[in-house]
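So this block is coords-v4.cif, mmCIF, C-alpha atoms (C1' of nucleotides) and all ligand atoms:
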data_data
loop_
_atom_site.label_atom_id
_atom_site.label_comp_id
_atom_site.auth_asym_id
_atom_site.auth_seq_id
_atom_site.Cartn_x
_atom_site.Cartn_y
_atom_site.Cartn_z
CA MET A 11 -98.45 64.07 -62.10
CA PRO A 12 -97.11 61.59 -59.53
CA LYS A 13 -96.29 57.97 -60.22
CA PRO A 14 -99.23 55.60 -60.65
CA ALA A 15 -97.51 53.25 -58.16
CA ALA A 16 -98.83 50.09 -59.73
CA PRO A 17 -98.24 46.88 -57.77
CA PRO A 18 -95.25 44.80 -58.86
CA VAL A 19 -96.05 42.28 -61.53
CA ARG A 20 -94.86 39.39 -59.40
CA PRO A 21 -94.69 39.19 -55.61
CA THR A 22 -91.13 39.87 -54.55
CA ALA A 23 -90.78 36.98 -52.13
CA LEU A 24 -92.12 34.39 -54.55
CA GLN A 25 -89.81 35.50 -57.31
CA ALA A 26 -86.83 35.38 -54.98
CA GLU A 27 -87.83 31.87 -53.94
CA SER A 28 -88.25 30.79 -57.56
CA LEU A 29 -84.84 32.09 -58.53
CA ARG A 30 -83.22 30.45 -55.54
CA ARG A 31 -84.76 27.15 -56.52
CA THR A 32 -83.60 27.56 -60.10
CA ARG A 33 -80.05 28.15 -58.92
CA ARG A 34 -80.26 25.05 -56.75
CA GLU A 35 -81.45 23.03 -59.73
CA HIS A 36 -78.57 24.26 -61.83
CA ALA A 37 -76.17 23.03 -59.19
CA THR A 38 -77.39 19.44 -59.54
CA GLU A 39 -77.94 19.65 -63.26
CA THR A 40 -74.44 18.57 -64.23
CA ALA A 41 -74.55 15.59 -61.93
CA GLU A 42 -77.85 14.45 -63.41
CA ASP A 43 -76.67 14.71 -67.00
CA TYR A 44 -73.47 12.84 -66.21
CA VAL A 45 -75.02 9.90 -64.38
CA GLU A 46 -77.66 9.68 -67.07
CA ALA A 47 -74.97 9.45 -69.74
CA ILE A 48 -72.98 6.92 -67.72
CA ALA A 49 -76.04 4.72 -67.24
CA ASP A 50 -76.86 4.94 -70.92
CA LEU A 51 -73.34 4.11 -72.04
CA THR A 52 -73.03 1.24 -69.60
CA ALA A 53 -76.29 -0.21 -70.88
CA SER A 54 -75.45 0.17 -74.55
CA ARG A 55 -71.69 -0.44 -74.67
CA GLY A 56 -71.07 -2.44 -71.52
CA GLU A 57 -68.91 0.27 -70.03
CA ALA A 58 -68.63 4.02 -69.80
CA ARG A 59 -65.26 5.41 -70.81
CA LEU A 60 -63.98 8.92 -70.35
CA VAL A 61 -63.76 9.71 -74.05
CA ASP A 62 -67.27 8.50 -74.73
CA LEU A 63 -68.57 10.76 -72.00
CA ALA A 64 -66.66 13.72 -73.38
CA ARG A 65 -68.18 13.11 -76.81
CA ARG A 66 -71.70 12.73 -75.45
CA LEU A 67 -71.52 15.75 -73.19
CA GLY A 68 -69.87 18.03 -75.71
CA VAL A 69 -66.92 18.95 -73.49
CA THR A 70 -63.24 18.06 -73.38
CA HIS A 71 -61.92 15.00 -71.56
CA VAL A 72 -60.36 17.34 -69.03
CA THR A 73 -63.69 18.77 -68.03
CA VAL A 74 -65.09 15.26 -67.70
CA ASN A 75 -62.24 14.24 -65.48
CA ARG A 76 -62.61 17.19 -63.16
CA THR A 77 -66.35 16.75 -62.97
CA LEU A 78 -65.98 13.04 -62.26
CA ALA A 79 -63.74 13.94 -59.34
CA ARG A 80 -66.59 16.03 -57.95
CA LEU A 81 -69.10 13.26 -58.59
CA ARG A 82 -66.81 10.80 -56.81
CA ARG A 83 -66.44 13.22 -53.92
CA ASP A 84 -70.24 13.46 -53.74
CA GLY A 85 -70.65 9.69 -53.86
CA TYR A 86 -72.30 9.26 -57.25
CA VAL A 87 -69.59 7.36 -59.12
CA SER A 88 -66.65 5.09 -58.41
CA THR A 89 -63.62 5.35 -60.63
CA ARG A 90 -60.16 3.84 -60.78
CA PRO A 91 -57.30 5.22 -62.87
CA TYR A 92 -57.49 4.17 -66.52
CA ARG A 93 -60.63 2.14 -65.91
CA ALA A 94 -64.28 2.44 -66.85
CA ILE A 95 -66.63 4.53 -64.71
CA PHE A 96 -69.33 2.98 -62.54
CA LEU A 97 -72.33 4.41 -60.75
CA THR A 98 -72.77 3.94 -57.03
CA GLU A 99 -76.14 3.21 -55.45
CA ALA A 100 -76.77 6.93 -55.16
CA GLY A 101 -75.66 7.39 -58.75
CA GLU A 102 -78.09 4.75 -60.00
CA LYS A 103 -80.84 6.41 -58.08
CA LEU A 104 -80.04 9.81 -59.50
CA ALA A 105 -79.86 8.31 -62.98
CA ALA A 106 -83.37 6.99 -62.54
CA SER A 107 -84.54 10.60 -62.57
CA GLY A 108 -83.72 10.36 -66.26
CA ARG A 109 -87.24 9.08 -66.59
CA ARG A 110 -88.16 12.74 -66.34
CA HIS A 111 -86.14 13.34 -69.48
CA THR A 112 -88.14 10.78 -71.43
CA THR A 113 -91.42 12.17 -70.18
CA VAL A 114 -90.51 15.71 -71.14
CA VAL A 115 -89.54 14.66 -74.66
CA ALA A 116 -92.73 12.68 -75.12
CA PHE A 117 -94.82 15.54 -73.80
CA LEU A 118 -93.26 18.09 -76.14
CA GLU A 119 -93.73 15.80 -79.11
CA SER A 120 -97.36 15.28 -78.14
CA LEU A 121 -97.81 19.03 -78.58
CA GLY A 122 -96.71 18.73 -82.19
CA ILE A 123 -93.19 19.96 -81.65
CA PRO A 124 -90.71 18.41 -84.12
CA ALA A 125 -88.49 15.69 -82.67
CA LYS A 126 -85.25 17.63 -82.96
CA ALA A 127 -86.59 20.75 -81.28
CA ALA A 128 -88.13 18.59 -78.58
CA ALA A 129 -84.82 16.87 -77.95
CA LEU A 130 -82.94 20.16 -77.82
CA ASP A 131 -85.35 21.85 -75.44
CA ALA A 132 -85.83 18.83 -73.19
CA GLU A 133 -82.17 18.75 -72.21
CA GLY A 134 -82.55 22.05 -70.42
CA LEU A 135 -86.20 21.91 -69.42
CA GLU A 136 -86.00 18.57 -67.60
CA HIS A 137 -84.12 20.04 -64.67
CA HIS A 138 -86.79 22.58 -63.86
CA VAL A 139 -89.86 20.36 -64.02
CA GLY A 140 -91.27 20.06 -60.52
CA PRO A 141 -93.41 17.16 -59.34
CA GLU A 142 -96.75 18.85 -60.08
CA THR A 143 -95.65 19.76 -63.56
CA LEU A 144 -94.30 16.28 -64.22
CA ALA A 145 -97.60 14.82 -63.08
CA ALA A 146 -99.48 17.21 -65.35
CA PHE A 147 -97.31 16.17 -68.30
CA GLU A 148 -98.01 12.50 -67.64
CA ARG A 149 -101.71 13.21 -67.25
CA HIS A 150 -101.71 15.01 -70.57
CA LEU A 151 -99.87 12.14 -72.23
CA ARG A 152 -102.38 9.57 -70.99
CA LYS A 153 -105.26 11.73 -72.12
CA ALA A 154 -103.67 12.22 -75.55
CA GLY A 155 -103.76 8.48 -76.17
CA LYS A 156 -100.53 6.87 -74.93
CA MET B 20 -72.02 -14.49 -74.13
CA PRO B 21 -70.88 -11.21 -75.70
CA LYS B 22 -72.53 -7.86 -75.20
CA PRO B 23 -75.89 -7.32 -76.87
CA ALA B 24 -74.49 -4.03 -78.20
CA ALA B 25 -77.77 -2.20 -78.11
CA PRO B 26 -77.78 1.21 -79.80
CA PRO B 27 -77.40 4.20 -77.52
CA VAL B 28 -80.68 5.61 -76.30
CA ARG B 29 -79.96 9.03 -77.75
CA PRO B 30 -77.77 9.88 -80.71
CA THR B 31 -74.43 11.11 -79.38
CA ALA B 32 -74.12 14.18 -81.56
CA LEU B 33 -77.63 15.42 -80.83
CA GLN B 34 -77.18 15.06 -77.10
CA ALA B 35 -73.90 16.96 -77.23
CA GLU B 36 -75.58 19.71 -79.23
CA SER B 37 -78.48 19.87 -76.78
CA LEU B 38 -76.18 20.18 -73.80
CA ARG B 39 -74.11 22.84 -75.51
CA ARG B 40 -77.24 24.84 -76.17
CA THR B 41 -78.38 24.44 -72.59
CA ARG B 42 -75.04 25.78 -71.36
CA ARG B 43 -75.36 28.73 -73.72
CA GLU B 44 -78.82 29.43 -72.37
CA HIS B 45 -77.56 29.37 -68.82
CA ALA B 46 -75.00 32.00 -69.72
CA THR B 47 -77.67 34.51 -70.72
CA GLU B 48 -80.13 33.47 -68.04
CA THR B 49 -78.83 35.85 -65.38
CA ALA B 50 -78.95 38.79 -67.76
CA GLU B 51 -82.55 38.00 -68.70
CA ASP B 52 -83.73 37.72 -65.12
CA TYR B 53 -82.01 40.98 -64.17
CA VAL B 54 -83.35 43.11 -67.00
CA GLU B 55 -86.79 41.65 -66.43
CA ALA B 56 -86.64 42.65 -62.77
CA ILE B 57 -85.32 46.09 -63.62
CA ALA B 58 -88.10 46.69 -66.15
CA ASP B 59 -90.70 45.50 -63.66
CA LEU B 60 -89.38 47.68 -60.84
CA THR B 61 -89.10 50.71 -63.06
CA ALA B 62 -92.68 50.25 -64.17
CA SER B 63 -94.08 49.70 -60.70
CA ARG B 64 -91.91 51.95 -58.52
CA GLY B 65 -90.62 54.51 -61.00
CA GLU B 66 -87.04 53.41 -60.49
CA ALA B 67 -84.97 50.31 -59.91
CA ARG B 68 -82.68 50.51 -56.89
CA LEU B 69 -79.92 48.11 -55.96
CA VAL B 70 -81.54 46.92 -52.75
CA ASP B 71 -84.85 46.21 -54.46
CA LEU B 72 -83.08 44.11 -57.02
CA ALA B 73 -81.25 42.19 -54.33
CA ARG B 74 -84.53 41.44 -52.58
CA ARG B 75 -86.24 40.38 -55.81
CA LEU B 76 -83.43 38.19 -56.98
CA GLY B 77 -82.73 36.55 -53.67
CA VAL B 78 -79.04 37.47 -53.54
CA THR B 79 -76.94 39.98 -51.63
CA HIS B 80 -76.43 43.54 -52.80
CA VAL B 81 -72.82 42.67 -53.52
CA THR B 82 -73.79 40.04 -56.03
CA VAL B 83 -76.16 42.48 -57.69
CA ASN B 84 -73.46 45.09 -57.95
CA ARG B 85 -70.97 42.72 -59.54
CA THR B 86 -73.56 41.39 -61.94
CA LEU B 87 -74.62 44.91 -62.90
CA ALA B 88 -71.00 45.65 -63.77
CA ARG B 89 -71.12 42.74 -66.19
CA LEU B 90 -74.45 43.90 -67.62
CA ARG B 91 -73.05 47.39 -68.10
CA ARG B 92 -69.99 45.93 -69.79
CA ASP B 93 -72.30 43.99 -72.11
CA GLY B 94 -74.41 47.05 -72.87
CA TYR B 95 -77.68 46.08 -71.20
CA VAL B 96 -77.84 48.70 -68.44
CA SER B 97 -76.51 52.15 -67.66
CA THR B 98 -75.69 52.99 -64.08
CA ARG B 99 -74.15 55.89 -62.20
CA PRO B 100 -72.83 55.68 -58.64
CA TYR B 101 -75.57 55.94 -56.02
CA ARG B 102 -78.24 56.33 -58.68
CA ALA B 103 -81.09 54.19 -59.99
CA ILE B 104 -80.45 51.63 -62.70
CA PHE B 105 -81.71 52.07 -66.26
CA LEU B 106 -82.01 49.72 -69.21
CA THR B 107 -80.35 50.54 -72.50
CA GLU B 108 -82.01 49.87 -75.85
CA ALA B 109 -80.51 46.41 -75.84
CA GLY B 110 -81.65 45.93 -72.27
CA GLU B 111 -85.23 46.87 -73.11
CA LYS B 112 -85.16 44.45 -75.99
CA LEU B 113 -83.87 41.64 -73.85
CA ALA B 114 -86.49 42.45 -71.22
CA ALA B 115 -89.17 42.04 -73.85
CA SER B 116 -88.28 38.35 -73.93
CA GLY B 117 -90.07 38.33 -70.61
CA ARG B 118 -93.15 37.69 -72.67
CA ARG B 119 -91.89 34.14 -72.74
CA HIS B 120 -92.13 34.09 -68.95
CA THR B 121 -95.78 35.09 -69.01
CA THR B 122 -96.59 32.54 -71.68
CA VAL B 123 -94.89 29.73 -69.80
CA VAL B 124 -96.78 30.52 -66.60
CA ALA B 125 -100.11 30.70 -68.44
CA PHE B 126 -99.40 27.44 -70.24
CA LEU B 127 -98.54 25.58 -67.05
CA GLU B 128 -101.66 26.87 -65.33
CA SER B 129 -103.76 25.80 -68.31
CA LEU B 130 -102.57 22.25 -67.62
CA GLY B 131 -104.09 22.44 -64.16
CA ILE B 132 -100.85 23.12 -62.31
CA PRO B 133 -101.38 25.21 -59.16
CA ALA B 134 -100.30 28.84 -59.46
CA LYS B 135 -97.43 28.60 -56.99
CA ALA B 136 -95.89 25.52 -58.60
CA ALA B 137 -96.33 27.13 -62.01
CA ALA B 138 -94.56 30.28 -60.86
CA LEU B 139 -91.70 28.31 -59.32
CA ASP B 140 -91.13 26.09 -62.35
CA ALA B 141 -91.54 28.86 -64.91
CA GLU B 142 -88.58 30.82 -63.57
CA GLY B 143 -86.25 28.03 -64.65
CA LEU B 144 -88.16 26.62 -67.62
CA GLU B 145 -88.51 29.92 -69.49
CA HIS B 146 -84.86 30.01 -70.49
CA HIS B 147 -85.00 26.67 -72.27
CA VAL B 148 -88.15 27.16 -74.31
CA GLY B 149 -87.19 27.32 -77.97
CA PRO B 150 -89.26 29.06 -80.65
CA GLU B 151 -91.13 25.92 -81.74
CA THR B 152 -92.01 25.07 -78.16
CA LEU B 153 -93.11 28.62 -77.42
CA ALA B 154 -95.31 28.54 -80.50
CA ALA B 155 -96.79 25.23 -79.40
CA PHE B 156 -97.54 26.66 -75.96
CA GLU B 157 -99.33 29.65 -77.50
CA ARG B 158 -101.24 27.36 -79.85
CA HIS B 159 -102.35 25.25 -76.91
CA LEU B 160 -103.43 28.35 -74.99
CA ARG B 161 -105.55 29.61 -77.86
CA LYS B 162 -107.12 26.20 -78.29
CA ALA B 163 -107.85 25.97 -74.56
CA GLY B 164 -109.99 29.10 -74.76
CA LYS B 165 -107.99 32.26 -74.02
"C1'" DA C 18 -40.19 -6.31 -78.17
"C1'" DA C 19 -40.82 -1.83 -80.13
"C1'" DC C 20 -43.41 1.52 -81.61
"C1'" DA C 21 -47.34 4.46 -82.59
"C1'" DT C 22 -51.71 5.86 -81.35
"C1'" DA C 23 -55.39 6.32 -78.15
"C1'" DA C 24 -56.85 7.11 -73.62
"C1'" DT C 25 -56.24 9.11 -69.35
"C1'" DG C 26 -54.11 12.26 -66.02
"C1'" DT C 27 -52.36 16.84 -64.44
"C1'" DA C 28 -50.85 21.75 -64.25
"C1'" DG C 29 -52.43 26.05 -64.70
"C1'" DC C 30 -55.50 29.39 -66.67
"C1'" DC C 31 -60.12 31.79 -67.03
"C1'" DG C 32 -64.93 33.79 -66.18
"C1'" DA C 33 -69.40 33.57 -63.81
"C1'" DC C 34 -71.60 34.12 -59.67
"C1'" DG C 35 -72.20 33.25 -55.00
"C1'" DC C 36 -70.57 35.07 -50.14
"C1'" DT C 37 -68.68 38.07 -45.65
"C1'" DA C 38 -66.65 41.99 -43.82
"C1'" DC C 39 -65.67 46.48 -43.97
"C1'" DA C 40 -65.80 51.46 -45.98
"C1'" DA C 41 -67.95 55.38 -47.92
"C1'" DA C 42 -71.82 58.12 -49.41
"C1'" DC C 43 -76.59 59.54 -49.00
"C1'" DG C 44 -80.75 61.27 -46.78
"C1'" DG C 45 -83.88 62.41 -43.37
"C1'" DC C 46 -84.55 64.45 -39.01
"C1'" DA C 47 -83.46 66.16 -34.29
"C1'" DT D 28 -75.70 71.46 -38.56
"C1'" DG D 29 -74.85 67.17 -36.97
"C1'" DC D 30 -76.08 62.48 -36.45
"C1'" DC D 31 -77.71 57.88 -37.66
"C1'" DG D 32 -79.62 54.44 -40.33
"C1'" DT D 33 -79.83 53.02 -45.18
"C1'" DT D 34 -77.83 52.44 -49.40
"C1'" DT D 35 -74.06 51.70 -52.27
"C1'" DG D 36 -69.25 50.49 -53.10
"C1'" DT D 37 -65.16 47.44 -52.69
"C1'" DA D 38 -61.65 44.08 -51.08
"C1'" DG D 39 -60.98 39.47 -50.83
"C1'" DC D 40 -62.55 34.74 -50.82
"C1'" DG D 41 -64.59 30.18 -52.63
"C1'" DT D 42 -66.76 26.83 -55.92
"C1'" DC D 43 -68.10 25.39 -60.36
"C1'" DG D 44 -67.15 24.26 -64.83
"C1'" DG D 45 -65.13 25.53 -69.03
"C1'" DC D 46 -60.37 25.51 -71.63
"C1'" DT D 47 -55.11 24.54 -73.63
"C1'" DA D 48 -50.84 22.36 -73.22
"C1'" DC D 49 -48.26 18.82 -71.83
"C1'" DA D 50 -47.18 14.23 -69.36
"C1'" DT D 51 -48.10 9.56 -68.66
"C1'" DT D 52 -50.21 5.05 -69.24
"C1'" DA D 53 -52.64 1.45 -72.10
"C1'" DT D 54 -53.24 -0.89 -76.10
"C1'" DG D 55 -52.90 -2.82 -80.54
"C1'" DT D 56 -49.86 -3.88 -84.67
"C1'" DT D 57 -46.00 -5.06 -86.83
MN MN A 201 -80.20 17.85 -69.12
MN MN A 202 -81.66 25.81 -66.58
MN MN A 203 -88.47 35.49 -65.66
MN MN A 204 -85.74 32.89 -64.97
#
Could the structure of this file be written out as structure tokens, please?
Amino acid sequence: MPKPAAPPVRPTALQAESLRRTRREHATETAEDYVEAIADLTASRGEARLVDLARRLGVTHVTVNRTLARLRRDGYVSTRPYRAIFLTEAGEKLAASGRRHTTVVAFLESLGIPAKAAALDAEGLEHHVGPETLAAFERHLRKAGK
Amino acid sequence: MPKPAAPPVRPTALQAESLRRTRREHATETAEDYVEAIADLTASRGEARLVDLARRLGVTHVTVNRTLARLRRDGYVSTRPYRAIFLTEAGEKLAASGRRHTTVVAFLESLGIPAKAAALDAEGLEHHVGPETLAAFERHLRKAGK
DNA sequence: AACATAATGTAGCCGACGCTACAAACGGCA
DNA sequence: TGCCGTTTGTAGCGTCGGCTACATTATGTT
């Protein structure tokens, strides 16, 4: 007998759009994690040094250096040789999106997920949470008593 | 006065581990999306052709071809020149992880997120949902009536 | 001041995953 | 059978983001 010719599970165009968006998000993901770490280090230690970043990000100091060059090129950080790293205006602004990170962690924990699993998952999830989803998470958190 | 020396917001080692895991997940992400698309196309159209994949994935046919070479190398698909693409055992198994995709979409929609936003976000989120989180999503879905 | 260690920089390598431009094979139809 | 549009293949390019190995600069201790 001939093929049943069922409709595709997901509309082609929408899936293509979704995947394109995901790839775009991955492109800015590194920048977000870096500025977040720099902001955190600056707040806690007074300055963000290369080695601290490497430790936090789980990469070598070489990778950090090359990535910082890209971040400098894109206007997120200002660096001088052998000095601490500072965020620019744009960098500060991008770092503020780290509030998303906090929200995601809190939301996962509110679902009964253990803290460690929540922390692990949040690091990847945060970059794919759109505005509607973020709003829904916050709504759920308010409803679930703080 | 000297620095307050507040503790870092997140423990260094845990953040490094989280980021490492996220990078690992990104490495398998492409493979997952491809085998999922191949399985879907095979089910709906009877066969998965290169051009269909390119359309679905939002990339050129060249990118698909190069990626398929990698998937073949890694044992997920079997291809012959100018023929349709088939999943291997391993490919089928990996495609089954597409159940995660469905769950994520359903979970997001159960939070009141509009279908389109849910579909867009899910494509990226799915790859960072660990077992505990997936279980929590399913739990929430059961609780929220089907 | 000298030295040793830590921090930072640089050269050069790799793989993944995008792309354009062009070439070859396939398939349907005049 | 021959032709033409579609599909598939390939050559060559670029960016990102990892790495090792080695060079240089800061820094702290004797
Ligand atoms: Mn992250
Ligand atoms: Mn991701
Ligand atoms: Mn998917
Ligand atoms: Mn996906």
Chain B superposed on chain A over all ordered C-alpha pairs, least squares: can you write that as a short mmCIF file (atom, residue, chain, number, x, y, z; two decimals) with C-alpha atoms, keeping the file's coordinate frame?
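Output file superposed.cif follows:
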data_model
loop_
_atom_site.label_atom_id
_atom_site.label_comp_id
_atom_site.auth_asym_id
_atom_site.auth_seq_id
_atom_site.Cartn_x
_atom_site.Cartn_y
_atom_site.Cartn_z
CA MET B 20 -98.36 64.15 -61.64
CA PRO B 21 -97.00 61.58 -59.19
CA LYS B 22 -96.25 57.97 -59.99
CA PRO B 23 -99.21 55.67 -60.54
CA ALA B 24 -97.53 53.25 -58.12
CA ALA B 25 -98.82 50.14 -59.80
CA PRO B 26 -98.23 46.90 -57.90
CA PRO B 27 -95.26 44.84 -59.00
CA VAL B 28 -96.07 42.28 -61.65
CA ARG B 29 -94.85 39.41 -59.51
CA PRO B 30 -94.73 39.21 -55.74
CA THR B 31 -91.16 39.91 -54.64
CA ALA B 32 -90.81 37.03 -52.22
CA LEU B 33 -92.14 34.43 -54.64
CA GLN B 34 -89.83 35.56 -57.41
CA ALA B 35 -86.84 35.41 -55.07
CA GLU B 36 -87.85 31.91 -54.01
CA SER B 37 -88.27 30.82 -57.62
CA LEU B 38 -84.85 32.10 -58.60
CA ARG B 39 -83.24 30.47 -55.59
CA ARG B 40 -84.79 27.17 -56.56
CA THR B 41 -83.63 27.56 -60.14
CA ARG B 42 -80.07 28.15 -58.95
CA ARG B 43 -80.30 25.05 -56.77
CA GLU B 44 -81.48 23.05 -59.75
CA HIS B 45 -78.60 24.26 -61.84
CA ALA B 46 -76.20 23.01 -59.20
CA THR B 47 -77.40 19.43 -59.55
CA GLU B 48 -77.95 19.62 -63.28
CA THR B 49 -74.42 18.58 -64.25
CA ALA B 50 -74.53 15.58 -61.94
CA GLU B 51 -77.84 14.44 -63.42
CA ASP B 52 -76.66 14.71 -67.00
CA TYR B 53 -73.45 12.83 -66.22
CA VAL B 54 -75.01 9.90 -64.40
CA GLU B 55 -77.64 9.66 -67.10
CA ALA B 56 -74.94 9.44 -69.76
CA ILE B 57 -72.96 6.93 -67.74
CA ALA B 58 -76.01 4.71 -67.25
CA ASP B 59 -76.83 4.93 -70.95
CA LEU B 60 -73.30 4.10 -72.06
CA THR B 61 -73.00 1.24 -69.63
CA ALA B 62 -76.25 -0.21 -70.91
CA SER B 63 -75.40 0.18 -74.58
CA ARG B 64 -71.64 -0.42 -74.67
CA GLY B 65 -71.05 -2.45 -71.52
CA GLU B 66 -68.88 0.26 -70.02
CA ALA B 67 -68.60 4.01 -69.79
CA ARG B 68 -65.22 5.39 -70.82
CA LEU B 69 -63.95 8.92 -70.34
CA VAL B 70 -63.70 9.71 -74.04
CA ASP B 71 -67.23 8.52 -74.73
CA LEU B 72 -68.53 10.76 -72.01
CA ALA B 73 -66.63 13.71 -73.39
CA ARG B 74 -68.13 13.12 -76.82
CA ARG B 75 -71.65 12.73 -75.43
CA LEU B 76 -71.48 15.75 -73.22
CA GLY B 77 -69.84 18.04 -75.71
CA VAL B 78 -66.88 18.97 -73.51
CA THR B 79 -63.20 18.07 -73.39
CA HIS B 80 -61.90 15.03 -71.57
CA VAL B 81 -60.32 17.35 -69.03
CA THR B 82 -63.65 18.78 -68.04
CA VAL B 83 -65.07 15.29 -67.70
CA ASN B 84 -62.22 14.23 -65.49
CA ARG B 85 -62.59 17.20 -63.16
CA THR B 86 -66.33 16.76 -62.99
CA LEU B 87 -65.97 13.05 -62.26
CA ALA B 88 -63.73 13.95 -59.33
CA ARG B 89 -66.57 16.04 -57.96
CA LEU B 90 -69.09 13.25 -58.58
CA ARG B 91 -66.82 10.79 -56.80
CA ARG B 92 -66.45 13.21 -53.91
CA ASP B 93 -70.24 13.45 -53.74
CA GLY B 94 -70.67 9.68 -53.86
CA TYR B 95 -72.32 9.27 -57.26
CA VAL B 96 -69.59 7.36 -59.11
CA SER B 97 -66.65 5.11 -58.38
CA THR B 98 -63.62 5.33 -60.61
CA ARG B 99 -60.15 3.83 -60.73
CA PRO B 100 -57.29 5.20 -62.82
CA TYR B 101 -57.46 4.12 -66.46
CA ARG B 102 -60.61 2.11 -65.84
CA ALA B 103 -64.26 2.43 -66.82
CA ILE B 104 -66.61 4.52 -64.71
CA PHE B 105 -69.33 2.98 -62.54
CA LEU B 106 -72.34 4.41 -60.76
CA THR B 107 -72.79 3.94 -57.04
CA GLU B 108 -76.16 3.21 -55.46
CA ALA B 109 -76.76 6.92 -55.17
CA GLY B 110 -75.65 7.38 -58.75
CA GLU B 111 -78.09 4.77 -60.02
CA LYS B 112 -80.85 6.44 -58.09
CA LEU B 113 -80.05 9.83 -59.50
CA ALA B 114 -79.87 8.33 -62.98
CA ALA B 115 -83.38 7.02 -62.53
CA SER B 116 -84.55 10.63 -62.55
CA GLY B 117 -83.81 10.35 -66.24
CA ARG B 118 -87.36 9.14 -66.51
CA ARG B 119 -88.21 12.80 -66.30
CA HIS B 120 -86.17 13.35 -69.46
CA THR B 121 -88.17 10.77 -71.38
CA THR B 122 -91.46 12.18 -70.15
CA VAL B 123 -90.53 15.72 -71.12
CA VAL B 124 -89.55 14.67 -74.64
CA ALA B 125 -92.76 12.66 -75.09
CA PHE B 126 -94.85 15.54 -73.78
CA LEU B 127 -93.27 18.07 -76.12
CA GLU B 128 -93.74 15.78 -79.10
CA SER B 129 -97.38 15.25 -78.13
CA LEU B 130 -97.83 19.00 -78.58
CA GLY B 131 -96.73 18.69 -82.18
CA ILE B 132 -93.18 19.90 -81.65
CA PRO B 133 -90.72 18.34 -84.12
CA ALA B 134 -88.49 15.64 -82.65
CA LYS B 135 -85.25 17.58 -82.97
CA ALA B 136 -86.59 20.72 -81.30
CA ALA B 137 -88.14 18.56 -78.58
CA ALA B 138 -84.82 16.83 -77.94
CA LEU B 139 -82.93 20.12 -77.82
CA ASP B 140 -85.36 21.83 -75.45
CA ALA B 141 -85.84 18.82 -73.20
CA GLU B 142 -82.18 18.71 -72.21
CA GLY B 143 -82.56 22.05 -70.45
CA LEU B 144 -86.22 21.91 -69.44
CA GLU B 145 -86.02 18.57 -67.61
CA HIS B 146 -84.13 20.03 -64.67
CA HIS B 147 -86.82 22.59 -63.89
CA VAL B 148 -89.88 20.37 -64.03
CA GLY B 149 -91.31 20.09 -60.53
CA PRO B 150 -93.44 17.18 -59.32
CA GLU B 151 -96.78 18.87 -60.07
CA THR B 152 -95.67 19.77 -63.57
CA LEU B 153 -94.32 16.29 -64.21
CA ALA B 154 -97.62 14.84 -63.06
CA ALA B 155 -99.50 17.21 -65.34
CA PHE B 156 -97.32 16.17 -68.28
CA GLU B 157 -98.03 12.48 -67.61
CA ARG B 158 -101.73 13.21 -67.23
CA HIS B 159 -101.73 15.00 -70.57
CA LEU B 160 -99.89 12.11 -72.21
CA ARG B 161 -102.39 9.57 -70.96
CA LYS B 162 -105.27 11.73 -72.10
CA ALA B 163 -103.68 12.19 -75.53
CA GLY B 164 -103.77 8.44 -76.10
CA LYS B 165 -100.54 6.74 -75.00
#
Exercise for review: May I have the protein, DNA and RNA residues with any atom at most 8 Å from the point (-71.3, 29.2, -60.5), counting only C-alpha atoms (C1' of nucleotides), written as number ranges by chain?
Suggested key: A: 37; C: 33-35; D: 42-44
**Study point:** Near-ligand residues for ligand MN 204 (chain A), threshold 6 Å, all atoms listed in the file, as number ranges by chain
**Key:** B: 52, 142-143
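The two atoms in question, atom CA of B:Leu72 and atom C1' of C:DA40, are spaced 21.8 Å apart.
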Review point. What are the residues of chain A that have an atom within 12 Å of an atom of chain D, counting all atoms listed in the file, as a ChimeraX atom specification?
Key: /A:36-41,68-78,80,91-93
Coordinate excerpt as a short mmCIF file (atom, residue, chain, number, x, y, z; two decimals), in the first residue's frame: stretch 51-58 of chain B, N, CA and C atoms:
data_model
loop_
_atom_site.label_atom_id
_atom_site.label_comp_id
_atom_site.auth_asym_id
_atom_site.auth_seq_id
_atom_site.Cartn_x
_atom_site.Cartn_y
_atom_site.Cartn_z
N GLU B 51 21.57 15.78 17.62
CA GLU B 51 20.21 15.52 18.08
C GLU B 51 19.17 16.14 17.15
N ASP B 52 19.39 17.40 16.79
CA ASP B 52 18.42 18.07 15.94
C ASP B 52 18.34 17.41 14.56
N TYR B 53 19.47 16.97 14.05
CA TYR B 53 19.48 16.31 12.74
C TYR B 53 18.72 14.98 12.76
N VAL B 54 19.08 14.12 13.70
CA VAL B 54 18.42 12.81 13.71
C VAL B 54 16.93 12.95 13.97
N GLU B 55 16.58 13.93 14.78
CA GLU B 55 15.17 14.18 15.04
C GLU B 55 14.47 14.56 13.73
N ALA B 56 15.08 15.44 12.97
CA ALA B 56 14.48 15.87 11.71
C ALA B 56 14.41 14.71 10.71
N ILE B 57 15.45 13.90 10.69
CA ILE B 57 15.47 12.77 9.77
C ILE B 57 14.35 11.78 10.13
N ALA B 58 14.21 11.49 11.42
CA ALA B 58 13.16 10.57 11.86
C ALA B 58 11.80 11.13 11.49
#
